[in-house]
$ cat entry_27.pdb   # PDB, C-alpha atoms
ATOM      1  CA  MET L   2     -22.125 -11.441  -2.758
ATOM      2  CA  GLU L   3     -23.490  -7.886  -2.595
ATOM      3  CA  THR L   4     -20.871  -5.319  -1.568
ATOM      4  CA  LYS L   5     -22.409  -2.648   0.677
ATOM      5  CA  LEU L   6     -21.307   0.985   0.736
ATOM      6  CA  LEU L   7     -20.953   2.006   4.399
ATOM      7  CA  LYS L   8     -21.201   5.518   5.834
ATOM      8  CA  THR L   9     -19.633   5.232   9.315
ATOM      9  CA  ALA L  10     -16.463   3.868  10.879
ATOM     10  CA  GLN L  11     -18.592   2.159  13.532
ATOM     11  CA  GLU L  12     -20.364   0.100  10.867
ATOM     12  CA  ALA L  13     -17.035  -0.874   9.322
ATOM     13  CA  GLY L  14     -15.453  -1.808  12.664
ATOM     14  CA  THR L  15     -18.440  -3.918  13.688
ATOM     15  CA  LEU L  16     -18.352  -5.811  10.402
ATOM     16  CA  LEU L  17     -14.599  -6.435  10.759
ATOM     17  CA  ALA L  18     -15.091  -7.763  14.299
ATOM     18  CA  GLN L  19     -17.704 -10.160  12.896
ATOM     19  CA  GLY L  20     -15.222 -11.605  10.397
ATOM     20  CA  GLY L  21     -16.186  -9.487   7.380
ATOM     21  CA  LEU L  22     -14.032  -7.978   4.627
ATOM     22  CA  VAL L  23     -14.149  -4.174   4.437
ATOM     23  CA  GLY L  24     -12.378  -1.706   2.187
ATOM     24  CA  PHE L  25     -11.446   1.529   3.983
ATOM     25  CA  ALA L  26      -9.336   4.603   3.299
ATOM     26  CA  THR L  27      -5.956   5.366   4.806
ATOM     27  CA  GLU L  28      -3.603   8.234   3.992
ATOM     28  CA  THR L  29      -1.659   5.932   1.647
ATOM     29  CA  VAL L  30      -4.161   3.813  -0.334
ATOM     30  CA  TYR L  31      -7.434   2.025   0.415
ATOM     31  CA  GLY L  32      -6.901  -1.135   2.450
ATOM     32  CA  LEU L  33      -8.907  -4.367   2.372
ATOM     33  CA  GLY L  34      -9.339  -5.146   6.041
ATOM     34  CA  ALA L  35      -9.964  -8.337   7.992
ATOM     35  CA  ASP L  36      -9.476  -9.340  11.624
ATOM     36  CA  ALA L  37      -5.794 -10.374  11.764
ATOM     37  CA  THR L  38      -6.552 -12.945  14.478
ATOM     38  CA  ASN L  39      -9.291 -14.652  12.436
ATOM     39  CA  ALA L  40      -7.748 -17.146  10.006
ATOM     40  CA  THR L  41     -10.970 -17.597   8.058
ATOM     41  CA  ALA L  42     -11.373 -13.849   7.561
ATOM     42  CA  VAL L  43      -7.735 -13.459   6.504
ATOM     43  CA  ALA L  44      -8.083 -16.364   4.064
ATOM     44  CA  SER L  45     -10.957 -14.428   2.516
ATOM     45  CA  ILE L  46      -8.553 -11.551   1.743
ATOM     46  CA  TYR L  47      -6.379 -13.884  -0.314
ATOM     47  CA  GLU L  48      -9.444 -15.311  -2.039
ATOM     48  CA  ALA L  49     -10.962 -11.916  -2.862
ATOM     49  CA  LYS L  50      -7.701 -10.460  -4.157
ATOM     50  CA  GLY L  51      -6.377 -13.620  -5.798
ATOM     51  CA  ARG L  52      -3.231 -12.967  -3.744
ATOM     52  CA  PRO L  53      -0.363 -15.509  -3.531
ATOM     53  CA  SER L  54      -0.323 -17.063  -0.067
ATOM     54  CA  PHE L  55       3.428 -16.515   0.252
ATOM     55  CA  ASN L  56       2.937 -12.732   0.144
ATOM     56  CA  PRO L  57       2.567 -11.446   3.742
ATOM     57  CA  LEU L  58       0.152  -8.759   4.924
ATOM     58  CA  ILE L  59       0.464  -5.561   6.969
ATOM     59  CA  ILE L  60      -1.490  -5.299  10.215
ATOM     60  CA  HIS L  61      -2.897  -1.951  11.279
ATOM     61  CA  VAL L  62      -3.459  -0.716  14.837
ATOM     62  CA  PRO L  63      -4.725   2.662  16.087
ATOM     63  CA  SER L  64      -1.725   3.627  18.282
ATOM     64  CA  ILE L  65       1.802   2.675  19.328
ATOM     65  CA  ALA L  66       0.404   1.318  22.594
ATOM     66  CA  ASP L  67      -1.907  -0.961  20.613
ATOM     67  CA  ALA L  68       1.110  -2.458  18.806
ATOM     68  CA  GLU L  69       2.836  -3.595  22.007
ATOM     69  CA  PRO L  70       0.826  -6.828  22.576
ATOM     70  CA  TYR L  71       1.766  -8.119  19.140
ATOM     71  CA  VAL L  72       5.390  -7.155  18.373
ATOM     72  CA  GLU L  73       8.731  -6.756  20.064
ATOM     73  CA  MET L  74      10.306  -3.348  19.498
ATOM     74  CA  ASN L  75      14.026  -2.723  19.888
ATOM     75  CA  GLU L  76      15.450   0.760  20.455
ATOM     76  CA  ILE L  77      15.586   1.740  16.783
ATOM     77  CA  ALA L  78      11.999   0.540  16.233
ATOM     78  CA  GLN L  79      10.832   2.591  19.199
ATOM     79  CA  ARG L  80      12.578   5.689  17.848
ATOM     80  CA  LEU L  81      11.094   5.225  14.371
ATOM     81  CA  ALA L  82       7.606   4.630  15.758
ATOM     82  CA  ALA L  83       7.850   7.704  17.978
ATOM     83  CA  ALA L  84       8.948   9.831  15.011
ATOM     84  CA  PHE L  85       6.663   8.540  12.249
ATOM     85  CA  TRP L  86       3.561   6.899  13.759
ATOM     86  CA  PRO L  87       0.871   7.676  12.878
ATOM     87  CA  GLY L  88       2.162   7.824   9.323
ATOM     88  CA  PRO L  89       3.130   6.028   6.102
ATOM     89  CA  LEU L  90       5.835   3.860   7.720
ATOM     90  CA  THR L  91       5.518   0.102   8.178
ATOM     91  CA  LEU L  92       7.961  -1.691  10.472
ATOM     92  CA  VAL L  93       8.747  -5.405  10.162
ATOM     93  CA  LEU L  94       9.157  -6.642  13.726
ATOM     94  CA  PRO L  95       9.387  -9.952  15.611
ATOM     95  CA  LEU L  96       6.048 -11.367  16.702
ATOM     96  CA  ARG L  97       5.499 -11.768  20.424
ATOM     97  CA  PRO L  98       4.812 -15.311  21.645
ATOM     98  CA  ASN L  99       1.074 -16.006  21.709
ATOM     99  CA  SER L 100       0.353 -12.795  19.791
ATOM    100  CA  GLY L 101      -2.776 -14.305  18.304
ATOM    101  CA  ILE L 102      -1.873 -13.077  14.806
ATOM    102  CA  CYS L 103      -2.727 -15.906  12.414
ATOM    103  CA  ASP L 104      -0.051 -17.562  10.265
ATOM    104  CA  LEU L 105      -1.711 -16.479   7.019
ATOM    105  CA  VAL L 106      -0.941 -12.849   7.885
ATOM    106  CA  THR L 107       2.780 -13.506   8.252
ATOM    107  CA  ALA L 108       3.009 -16.134   5.472
ATOM    108  CA  GLY L 109       4.681 -18.382   8.052
ATOM    109  CA  LEU L 110       7.407 -15.867   9.015
ATOM    110  CA  SER L 111       8.398 -15.101  12.606
ATOM    111  CA  THR L 112       7.967 -11.380  11.908
ATOM    112  CA  VAL L 113       4.992  -9.215  11.020
ATOM    113  CA  ALA L 114       4.639  -5.898   9.172
ATOM    114  CA  ILE L 115       2.764  -3.342  11.273
ATOM    115  CA  ARG L 116       1.827   0.332  11.132
ATOM    116  CA  VAL L 117      -0.398   3.051  12.616
ATOM    117  CA  PRO L 118      -2.189   4.950   9.822
ATOM    118  CA  ASP L 119      -2.262   8.749   9.797
ATOM    119  CA  HIS L 120      -5.953   8.876   8.898
ATOM    120  CA  GLU L 121      -8.538   9.651  11.557
ATOM    121  CA  GLN L 122     -11.344   7.654   9.935
ATOM    122  CA  ALA L 123      -9.044   4.610   9.590
ATOM    123  CA  ARG L 124      -8.064   4.807  13.258
ATOM    124  CA  ASP L 125     -11.759   5.100  14.170
ATOM    125  CA  VAL L 126     -12.377   1.890  12.209
ATOM    126  CA  LEU L 127      -9.534   0.142  14.038
ATOM    127  CA  ARG L 128     -10.700   1.306  17.455
ATOM    128  CA  SER L 129     -14.227   0.194  16.648
ATOM    129  CA  ALA L 130     -13.031  -3.232  15.461
ATOM    130  CA  GLY L 131     -11.098  -3.764  18.699
ATOM    131  CA  THR L 132      -8.611  -6.060  16.965
ATOM    132  CA  PRO L 133      -5.503  -5.710  14.790
ATOM    133  CA  VAL L 134      -6.647  -5.473  11.193
ATOM    134  CA  ALA L 135      -4.742  -7.074   8.319
ATOM    135  CA  ALA L 136      -5.175  -4.789   5.325
ATOM    136  CA  PRO L 137      -3.321  -5.084   2.026
ATOM    137  CA  SER L 138      -4.264  -2.649  -0.729
ATOM    138  CA  ALA L 139      -7.907  -3.040  -1.753
ATOM    139  CA  ASN L 140      -7.414  -4.161  -5.351
ATOM    140  CA  PRO L 141      -7.120  -7.456  -7.233
ATOM    141  CA  SER L 142      -3.622  -8.858  -6.613
ATOM    142  CA  GLY L 143      -0.988  -7.360  -8.877
ATOM    143  CA  ARG L 144      -3.278  -4.651 -10.212
ATOM    144  CA  ILE L 145      -3.351  -0.889  -9.660
ATOM    145  CA  SER L 146      -3.874   0.114  -6.031
ATOM    146  CA  ALA L 147      -7.134   1.835  -5.070
ATOM    147  CA  THR L 148      -7.216   5.448  -3.876
ATOM    148  CA  THR L 149     -11.005   6.006  -3.913
ATOM    149  CA  ALA L 150     -14.015   3.986  -2.775
ATOM    150  CA  GLN L 151     -15.064   3.759  -6.417
ATOM    151  CA  HIS L 152     -11.752   2.081  -7.323
ATOM    152  CA  VAL L 153     -12.427  -0.544  -4.653
ATOM    153  CA  MET L 154     -15.973  -1.162  -5.854
ATOM    154  CA  HIS L 155     -14.765  -1.466  -9.452
ATOM    155  CA  GLY L 156     -12.021  -3.965  -8.608
ATOM    156  CA  LEU L 157     -13.534  -5.985  -5.756
ATOM    157  CA  GLY L 158     -17.274  -5.346  -5.872
ATOM    158  CA  GLY L 159     -19.129  -8.631  -5.428
ATOM    159  CA  ARG L 160     -16.103 -10.260  -3.736
ATOM    160  CA  ILE L 161     -16.070  -8.400  -0.390
ATOM    161  CA  ASP L 162     -18.678  -7.439   2.209
ATOM    162  CA  ALA L 163     -18.409  -3.661   2.195
ATOM    163  CA  VAL L 164     -16.524  -0.477   1.361
ATOM    164  CA  LEU L 165     -16.474   2.490   3.726
ATOM    165  CA  GLU L 166     -16.872   5.813   1.959
ATOM    166  CA  GLY L 167     -13.955   8.123   2.695
ATOM    167  CA  ASP L 168     -11.962  10.983   1.251
ATOM    168  CA  PRO L 169      -9.452  10.186  -1.530
ATOM    169  CA  CYS L 170      -6.098   9.131  -0.091
ATOM    170  CA  SER L 171      -3.863  12.144   0.612
ATOM    171  CA  ILE L 172      -0.543  10.405  -0.119
ATOM    172  CA  GLY L 173      -1.742   7.929  -2.746
ATOM    173  CA  LEU L 174       1.300   5.669  -2.463
ATOM    174  CA  GLU L 175       1.798   2.687  -0.155
ATOM    175  CA  SER L 176       3.803   2.972   3.030
ATOM    176  CA  THR L 177       7.577   2.671   3.181
ATOM    177  CA  ILE L 178       8.541  -0.665   4.764
ATOM    178  CA  ILE L 179      11.609  -0.980   6.990
ATOM    179  CA  ALA L 180      12.951  -4.132   8.645
ATOM    180  CA  VAL L 181      14.752  -3.083  11.824
ATOM    181  CA  ALA L 182      16.780  -6.259  12.465
ATOM    182  CA  PRO L 183      19.489  -7.368  12.187
ATOM    183  CA  THR L 184      20.196  -3.924  10.659
ATOM    184  CA  PRO L 185      17.671  -1.364   9.391
ATOM    185  CA  THR L 186      16.841  -2.260   5.779
ATOM    186  CA  VAL L 187      14.426  -0.847   3.203
ATOM    187  CA  LEU L 188      12.058  -3.587   2.024
ATOM    188  CA  ARG L 189       9.727  -1.297   0.038
ATOM    189  CA  PHE L 190      10.054   2.316  -1.058
ATOM    190  CA  GLY L 191       6.925   4.283  -0.245
ATOM    191  CA  GLY L 192       5.189   7.386   1.019
ATOM    192  CA  LEU L 193       7.833   8.325   3.600
ATOM    193  CA  ALA L 194      11.087   9.626   2.097
ATOM    194  CA  LEU L 195      14.255   7.725   3.026
ATOM    195  CA  ARG L 196      16.142  10.881   3.976
ATOM    196  CA  ASP L 197      13.687  11.398   6.844
ATOM    197  CA  ILE L 198      14.144   7.832   8.055
ATOM    198  CA  GLU L 199      17.927   7.946   7.654
ATOM    199  CA  ALA L 200      18.042  11.018   9.890
ATOM    200  CA  ILE L 201      17.268   8.539  12.670
ATOM    201  CA  THR L 202      18.794   5.269  11.434
ATOM    202  CA  GLY L 203      21.798   6.431   9.435
ATOM    203  CA  PRO L 204      22.336   5.039   5.894
ATOM    204  CA  LEU L 205      19.944   2.201   5.050
ATOM    205  CA  SER L 206      20.620  -0.897   2.977
ATOM    206  CA  HIS L 207      18.009  -1.960   0.403
ATOM    207  CA  ASP L 208      16.439  -5.354  -0.335
ATOM    208  CA  THR L 209      13.266  -4.554  -2.261
ATOM    209  CA  THR L 210      13.036  -7.578  -4.602
ATOM    210  CA  PRO L 211      14.521 -10.494  -2.636
ATOM    211  CA  ALA L 212      14.584 -14.144  -3.663
ATOM    212  CA  ALA L 213      12.246 -14.885  -0.747
ATOM    213  CA  VAL L 214       9.444 -12.365  -0.183
ATOM    214  CA  ALA L 215       9.736 -10.848   3.306
ATOM    215  CA  ALA L 216       7.197  -8.028   3.099
ATOM    216  CA  PRO L 217       4.282  -6.795   0.975
ATOM    217  CA  GLY L 218       4.988  -5.152  -2.381
ATOM    218  CA  GLN L 219       8.195  -7.099  -3.156
ATOM    219  CA  LEU L 220       6.927  -9.216  -6.046
ATOM    220  CA  SER L 221       8.738  -8.273  -9.270
ATOM    221  CA  SER L 222       5.432  -7.871 -11.150
ATOM    222  CA  HIS L 223       2.905  -5.793  -9.206
ATOM    223  CA  TYR L 224       0.598  -2.757  -9.494
ATOM    224  CA  ALA L 225       0.045  -3.630 -13.165
ATOM    225  CA  PRO L 226      -2.519  -2.170 -15.583
ATOM    226  CA  ARG L 227      -4.193  -4.545 -18.050
ATOM    227  CA  GLN L 228      -2.065  -3.399 -20.987
ATOM    228  CA  ALA L 229       1.721  -2.996 -21.133
ATOM    229  CA  LEU L 230       3.411  -0.038 -19.469
ATOM    230  CA  ARG L 231       6.599   1.517 -20.916
ATOM    231  CA  MET L 232       8.771   3.749 -18.730
ATOM    232  CA  ASP L 233      11.001   6.729 -19.574
ATOM    233  CA  ALA L 234       9.011   7.622 -22.677
ATOM    234  CA  VAL L 235       9.562  11.046 -24.253
ATOM    235  CA  THR L 236       6.547  10.603 -26.533
ATOM    236  CA  ALA L 237       3.855   7.967 -26.978
ATOM    237  CA  GLU L 238       3.849   5.486 -29.838
ATOM    238  CA  ALA L 239       0.842   5.453 -32.181
ATOM    239  CA  ASP L 240      -1.133   2.920 -30.103
ATOM    240  CA  GLU L 241      -0.129   4.262 -26.653
ATOM    241  CA  VAL L 242      -1.470   6.860 -24.248
ATOM    242  CA  LEU L 243       1.085   9.033 -22.447
ATOM    243  CA  LEU L 244       1.082   9.570 -18.679
ATOM    244  CA  GLY L 245       3.135  12.720 -18.295
ATOM    245  CA  PHE L 246       5.218  14.452 -15.649
ATOM    246  CA  GLY L 247       6.236  18.094 -15.875
ATOM    247  CA  GLU L 248       5.817  20.258 -18.957
ATOM    248  CA  VAL L 249       4.933  17.674 -21.590
ATOM    249  CA  ARG L 250       2.073  17.144 -24.030
ATOM    250  CA  CYS L 251       0.277  14.059 -22.761
ATOM    251  CA  ASP L 252      -3.083  12.381 -22.216
ATOM    252  CA  LEU L 253      -2.921  12.799 -18.438
ATOM    253  CA  ASN L 254      -0.279  14.426 -16.220
ATOM    254  CA  LEU L 255       0.853  13.303 -12.764
ATOM    255  CA  SER L 256       2.090  16.826 -12.023
ATOM    256  CA  PRO L 257       2.412  19.575 -14.658
ATOM    257  CA  SER L 258       4.643  21.475 -12.177
ATOM    258  CA  ALA L 259       6.899  18.405 -11.667
ATOM    259  CA  ASP L 260       5.990  18.168  -7.975
ATOM    260  CA  LEU L 261       6.850  14.638  -6.806
ATOM    261  CA  ARG L 262       4.401  14.771  -3.896
ATOM    262  CA  GLU L 263       1.561  15.655  -6.267
ATOM    263  CA  ALA L 264       2.735  12.928  -8.662
ATOM    264  CA  ALA L 265       2.711  10.298  -5.911
ATOM    265  CA  ALA L 266      -0.796  11.299  -4.838
ATOM    266  CA  ASN L 267      -2.056  11.050  -8.439
ATOM    267  CA  LEU L 268      -0.176   7.910  -9.547
ATOM    268  CA  PHE L 269      -2.742   5.167  -9.007
ATOM    269  CA  THR L 270      -5.769   7.353  -9.756
ATOM    270  CA  HIS L 271      -4.299   8.358 -13.126
ATOM    271  CA  LEU L 272      -3.240   4.792 -13.931
ATOM    272  CA  HIS L 273      -6.813   3.672 -13.227
ATOM    273  CA  SER L 274      -8.151   6.365 -15.581
ATOM    274  CA  LEU L 275      -5.808   5.377 -18.418
ATOM    275  CA  ASP L 276      -6.311   1.668 -17.788
ATOM    276  CA  ARG L 277      -9.994   2.108 -18.628
ATOM    277  CA  LEU L 278      -8.935   3.102 -22.175
ATOM    278  CA  ASN L 279      -7.476  -0.407 -22.622
ATOM    279  CA  GLN L 280      -4.386   0.873 -24.462
ATOM    280  CA  PRO L 281      -0.660   0.469 -23.697
ATOM    281  CA  ILE L 282       0.622   3.220 -21.411
ATOM    282  CA  ALA L 283       3.810   5.216 -21.976
ATOM    283  CA  MET L 284       5.236   6.945 -18.891
ATOM    284  CA  SER L 285       7.309  10.122 -18.857
ATOM    285  CA  PRO L 286      10.649   9.934 -16.998
ATOM    286  CA  ILE L 287      10.397  10.490 -13.234
ATOM    287  CA  PRO L 288      13.429  11.816 -11.282
ATOM    288  CA  ASP L 289      14.808   8.972  -9.165
ATOM    289  CA  HIS L 290      15.128  10.811  -5.862
ATOM    290  CA  GLY L 291      12.858  11.475  -2.872
ATOM    291  CA  LEU L 292       9.332  10.227  -3.557
ATOM    292  CA  GLY L 293      10.370   9.740  -7.187
ATOM    293  CA  ARG L 294      12.267   6.668  -6.101
ATOM    294  CA  ALA L 295       9.079   5.077  -4.752
ATOM    295  CA  ILE L 296       7.097   6.116  -7.843
ATOM    296  CA  ASN L 297       9.710   4.521 -10.111
ATOM    297  CA  ASP L 298       9.668   1.368  -7.977
ATOM    298  CA  ARG L 299       5.909   1.030  -8.545
ATOM    299  CA  LEU L 300       6.261   1.752 -12.260
ATOM    300  CA  ARG L 301       9.071  -0.812 -12.732
ATOM    301  CA  ARG L 302       6.887  -3.490 -11.138
ATOM    302  CA  ALA L 303       3.899  -2.405 -13.223
ATOM    303  CA  ALA L 304       6.059  -2.648 -16.355
ATOM    304  CA  ALA L 305       7.689  -5.997 -15.454
ATOM    305  CA  PRO L 306       6.992  -9.126 -17.550
ATOM    306  CA  ARG L 307       4.002 -11.033 -16.161
ATOM    307  CA  ASP L 308       3.542 -14.739 -15.593
TER     308      ASP L 308
END
$ encode --input "entry_27.pdb" --output "structure tokens"
Amino acid sequence: METKLLKTAQEAGTLLAQGGLVGFATETVYGLGADATNATAVASIYEAKGRPSFNPLIIHVPSIADAEPYVEMNEIAQRLAAAFWPGPLTLVLPLRPNSGICDLVTAGLSTVAIRVPDHEQARDVLRSAGTPVAAPSANPSGRISATTAQHVMHGLGGRIDAVLEGDPCSIGLESTIIAVAPTPTVLRFGGLALRDIEAITGPLSHDTTPAAVAAPGQLSSHYAPRQALRMDAVTAEADEVLLGFGEVRCDLNLSPSADLREAAANLFTHLHSLDRLNQPIAMSPIPDHGLGRAINDRLRRAAAPRD
């Protein structure tokens, strides 16, 4: 299969409506989109990524109003959506009867993960497609997420129909995922800080690596480079390259000024760059607060033992 490089959101939306697979930018990471009501198209996502079928997908819609035909929103969900959509927040909500969302998207669950991206080009794609779009990160399953069109072409070129050229992702870290029932619970740390969410919900419980996967990004081994990754490293061993944070001598630095927002935006891009060296990666310590918590979550999964 030849993977085309598209120039316009209209082209991407038309191809999605026809059952194609398209990589496109959001503010978080690049997504690999398919019509969420088309089981054959969604199956192609799993095939292209090599993704386990028990791992559910996020659907993307261009507005809160466009979410209403597919999910049931209680009061807390409505308040969160009003505060943070468009934005890097995914809500896990009950599916409406006859929603049309195919079972492969939900991995057989009665709920679906849904969000409205804060990226004008992405919303143009969604409006053009005229359908909810299932879009996990546009990378081979378990590997480093893509934050540029070139990352998508490198990882999935020849497996998908097209990639839409877009600006590098401004946040560079996947969305935060919250289940709203029976009580608000964090299912994945991400690009929206918990303190902002808790200003609305109150203190949140956490269930980010459950026995049964309930949302994307919960597998214990995920986001992994080809070689081993070692966390909390002060210096690199002889065969390692060092991904730094703050004032440290290193091969590449997430943020020399120790800015967690800058570090989150650079995380996957820098991991891609070091991964091309095909050496083990040592990672400087990251403070475990604010966006640092989400960064450390990704790094722990990248460093986890692999099957």
$ residues_around --input "entry_27.pdb" --residues "segment 282-285 of chain L" --least-positions-apart "5" --cutoff "7 Å" --atoms "all atoms listed in the file" --output "ChimeraX atom specification"
/L:229-235,237,241-246
$ resolve_selection --input "entry_27.pdb" --expression "the PyMOL selection byres ((chain L and resi 23-28) around 8)" --output "PyMOL selection string"
chain L and resi 13+16-17+21-22+29-35+88-89+118-120+122-123+139+148-150+153+161-173
$ resolve_selection --input "entry_27.pdb" --expression "the PyMOL selection byres ((chain L and resi 262) around 12)" --output "PDB file with C-alpha atoms, in the frame of the given file"
ATOM      1  CA  SER L 171      -3.863  12.144   0.612  1.00  0.00           C
ATOM      2  CA  ILE L 172      -0.543  10.405  -0.119  1.00  0.00           C
ATOM      3  CA  GLY L 173      -1.742   7.929  -2.746  1.00  0.00           C
ATOM      4  CA  LEU L 174       1.300   5.669  -2.463  1.00  0.00           C
ATOM      5  CA  GLY L 191       6.925   4.283  -0.245  1.00  0.00           C
ATOM      6  CA  GLY L 192       5.189   7.386   1.019  1.00  0.00           C
ATOM      7  CA  LEU L 193       7.833   8.325   3.600  1.00  0.00           C
ATOM      8  CA  ALA L 194      11.087   9.626   2.097  1.00  0.00           C
ATOM      9  CA  PHE L 246       5.218  14.452 -15.649  1.00  0.00           C
ATOM     10  CA  LEU L 255       0.853  13.303 -12.764  1.00  0.00           C
ATOM     11  CA  SER L 256       2.090  16.826 -12.023  1.00  0.00           C
ATOM     12  CA  PRO L 257       2.412  19.575 -14.658  1.00  0.00           C
ATOM     13  CA  SER L 258       4.643  21.475 -12.177  1.00  0.00           C
ATOM     14  CA  ALA L 259       6.899  18.405 -11.667  1.00  0.00           C
ATOM     15  CA  ASP L 260       5.990  18.168  -7.975  1.00  0.00           C
ATOM     16  CA  LEU L 261       6.850  14.638  -6.806  1.00  0.00           C
ATOM     17  CA  GLU L 263       1.561  15.655  -6.267  1.00  0.00           C
ATOM     18  CA  ALA L 264       2.735  12.928  -8.662  1.00  0.00           C
ATOM     19  CA  ALA L 265       2.711  10.298  -5.911  1.00  0.00           C
ATOM     20  CA  ALA L 266      -0.796  11.299  -4.838  1.00  0.00           C
ATOM     21  CA  ASN L 267      -2.056  11.050  -8.439  1.00  0.00           C
ATOM     22  CA  LEU L 268      -0.176   7.910  -9.547  1.00  0.00           C
ATOM     23  CA  ILE L 287      10.397  10.490 -13.234  1.00  0.00           C
ATOM     24  CA  HIS L 290      15.128  10.811  -5.862  1.00  0.00           C
ATOM     25  CA  GLY L 291      12.858  11.475  -2.872  1.00  0.00           C
ATOM     26  CA  LEU L 292       9.332  10.227  -3.557  1.00  0.00           C
ATOM     27  CA  GLY L 293      10.370   9.740  -7.187  1.00  0.00           C
ATOM     28  CA  ARG L 294      12.267   6.668  -6.101  1.00  0.00           C
ATOM     29  CA  ALA L 295       9.079   5.077  -4.752  1.00  0.00           C
ATOM     30  CA  ILE L 296       7.097   6.116  -7.843  1.00  0.00           C
TER      31      ILE L 296
END
$ closest_residue --input "entry_27.pdb" --among "L:Cys103, L:Leu127, L:Leu272, L:Ala82" --to "Gln11 of chain L" --atoms "only C-alpha atoms"
L:Leu127
$ residues_around --input "entry_27.pdb" --residues "segment 84-87 of chain L" --least-positions-apart "6" --cutoff "10 Å" --atoms "only C-alpha atoms" --output "JSON, numbers by chain"
{"L": [28, 62, 63, 64, 65, 78, 116, 117, 118, 119, 120, 121, 124, 193, 197, 198, 201]}
$ atom_distance --input "entry_27.pdb" --atom1 "atom CA of Ser100 of chain L" --atom2 "atom CA of Asp125 of chain L"
22.3 Å
$ axis_aligned_box --input "entry_27.pdb" --around "segment 288-295 of chain L" --padding-each-side "3 Å" --output "lines of an AutoDock Vina configuration file"
center_x = 12.1
center_y = 8.4
center_z = -7.1
size_x = 12.0
size_y = 12.7
size_z = 14.4
$ closest_residue --input "entry_27.pdb" --among "L:Asp276, L:Pro226, L:Pro204, L:Asp289" --to "Ala305 of chain L" --atoms "only C-alpha atoms"
L:Pro226
$ atom_distance --input "entry_27.pdb" --atom1 "atom CA of Ala42 of chain L" --atom2 "atom CA of His152 of chain L"
21.8 Å
$ resolve_selection --input "entry_27.pdb" --expression "the PyMOL selection byres ((chain L and resi 202) around 9)" --output "ChimeraX atom specification"
/L:77,80-81,185,198-201,203-205
$ residues_near_point --input "entry_27.pdb" --point "(-1.9, -5.9, 9.2)" --cutoff "7 Å" --atoms "only C-alpha atoms" --output "list in words"
Ala37, Leu58, Ile59, Ile60, His61, Ala114, Ile115, Pro133, Val134, Ala135 and Ala136 of chain L
$ residues_near_point --input "entry_27.pdb" --point "(1.3, -17.3, 4.9)" --cutoff "10 Å" --atoms "all atoms listed in the file" --output "number ranges by chain"
L: 43-44, 47, 53-58, 103-110
$ build_atoms --input "entry_27.pdb" --residues "segment 161-172 of chain L" --atoms "N, CA and C atoms" --output "short mmCIF file (atom, residue, chain, number, x, y, z; two decimals), keeping the file's coordinate frame"
data_model
loop_
_atom_site.label_atom_id
_atom_site.label_comp_id
_atom_site.auth_asym_id
_atom_site.auth_seq_id
_atom_site.Cartn_x
_atom_site.Cartn_y
_atom_site.Cartn_z
N ILE L 161 -16.30 -8.78 -1.78
CA ILE L 161 -16.07 -8.40 -0.39
C ILE L 161 -17.38 -7.91 0.20
N ASP L 162 -17.42 -7.78 1.54
CA ASP L 162 -18.68 -7.44 2.21
C ASP L 162 -19.05 -5.97 2.06
N ALA L 163 -18.05 -5.07 2.17
CA ALA L 163 -18.41 -3.66 2.19
C ALA L 163 -17.21 -2.78 1.88
N VAL L 164 -17.52 -1.54 1.52
CA VAL L 164 -16.52 -0.48 1.36
C VAL L 164 -17.02 0.72 2.16
N LEU L 165 -16.14 1.30 2.96
CA LEU L 165 -16.47 2.49 3.73
C LEU L 165 -16.14 3.72 2.90
N GLU L 166 -17.12 4.57 2.69
CA GLU L 166 -16.87 5.81 1.96
C GLU L 166 -15.91 6.69 2.75
N GLY L 167 -14.91 7.23 2.05
CA GLY L 167 -13.96 8.12 2.70
C GLY L 167 -13.36 9.06 1.67
N ASP L 168 -12.62 10.05 2.15
CA ASP L 168 -11.96 10.98 1.25
C ASP L 168 -10.89 10.26 0.44
N PRO L 169 -10.59 10.75 -0.78
CA PRO L 169 -9.45 10.19 -1.53
C PRO L 169 -8.18 10.23 -0.69
N CYS L 170 -7.31 9.27 -0.91
CA CYS L 170 -6.10 9.13 -0.09
C CYS L 170 -5.14 10.30 -0.34
N SER L 171 -4.66 10.92 0.74
CA SER L 171 -3.86 12.14 0.61
C SER L 171 -2.47 11.88 0.06
N ILE L 172 -1.88 10.72 0.37
CA ILE L 172 -0.54 10.40 -0.12
C ILE L 172 -0.63 9.63 -1.42
#
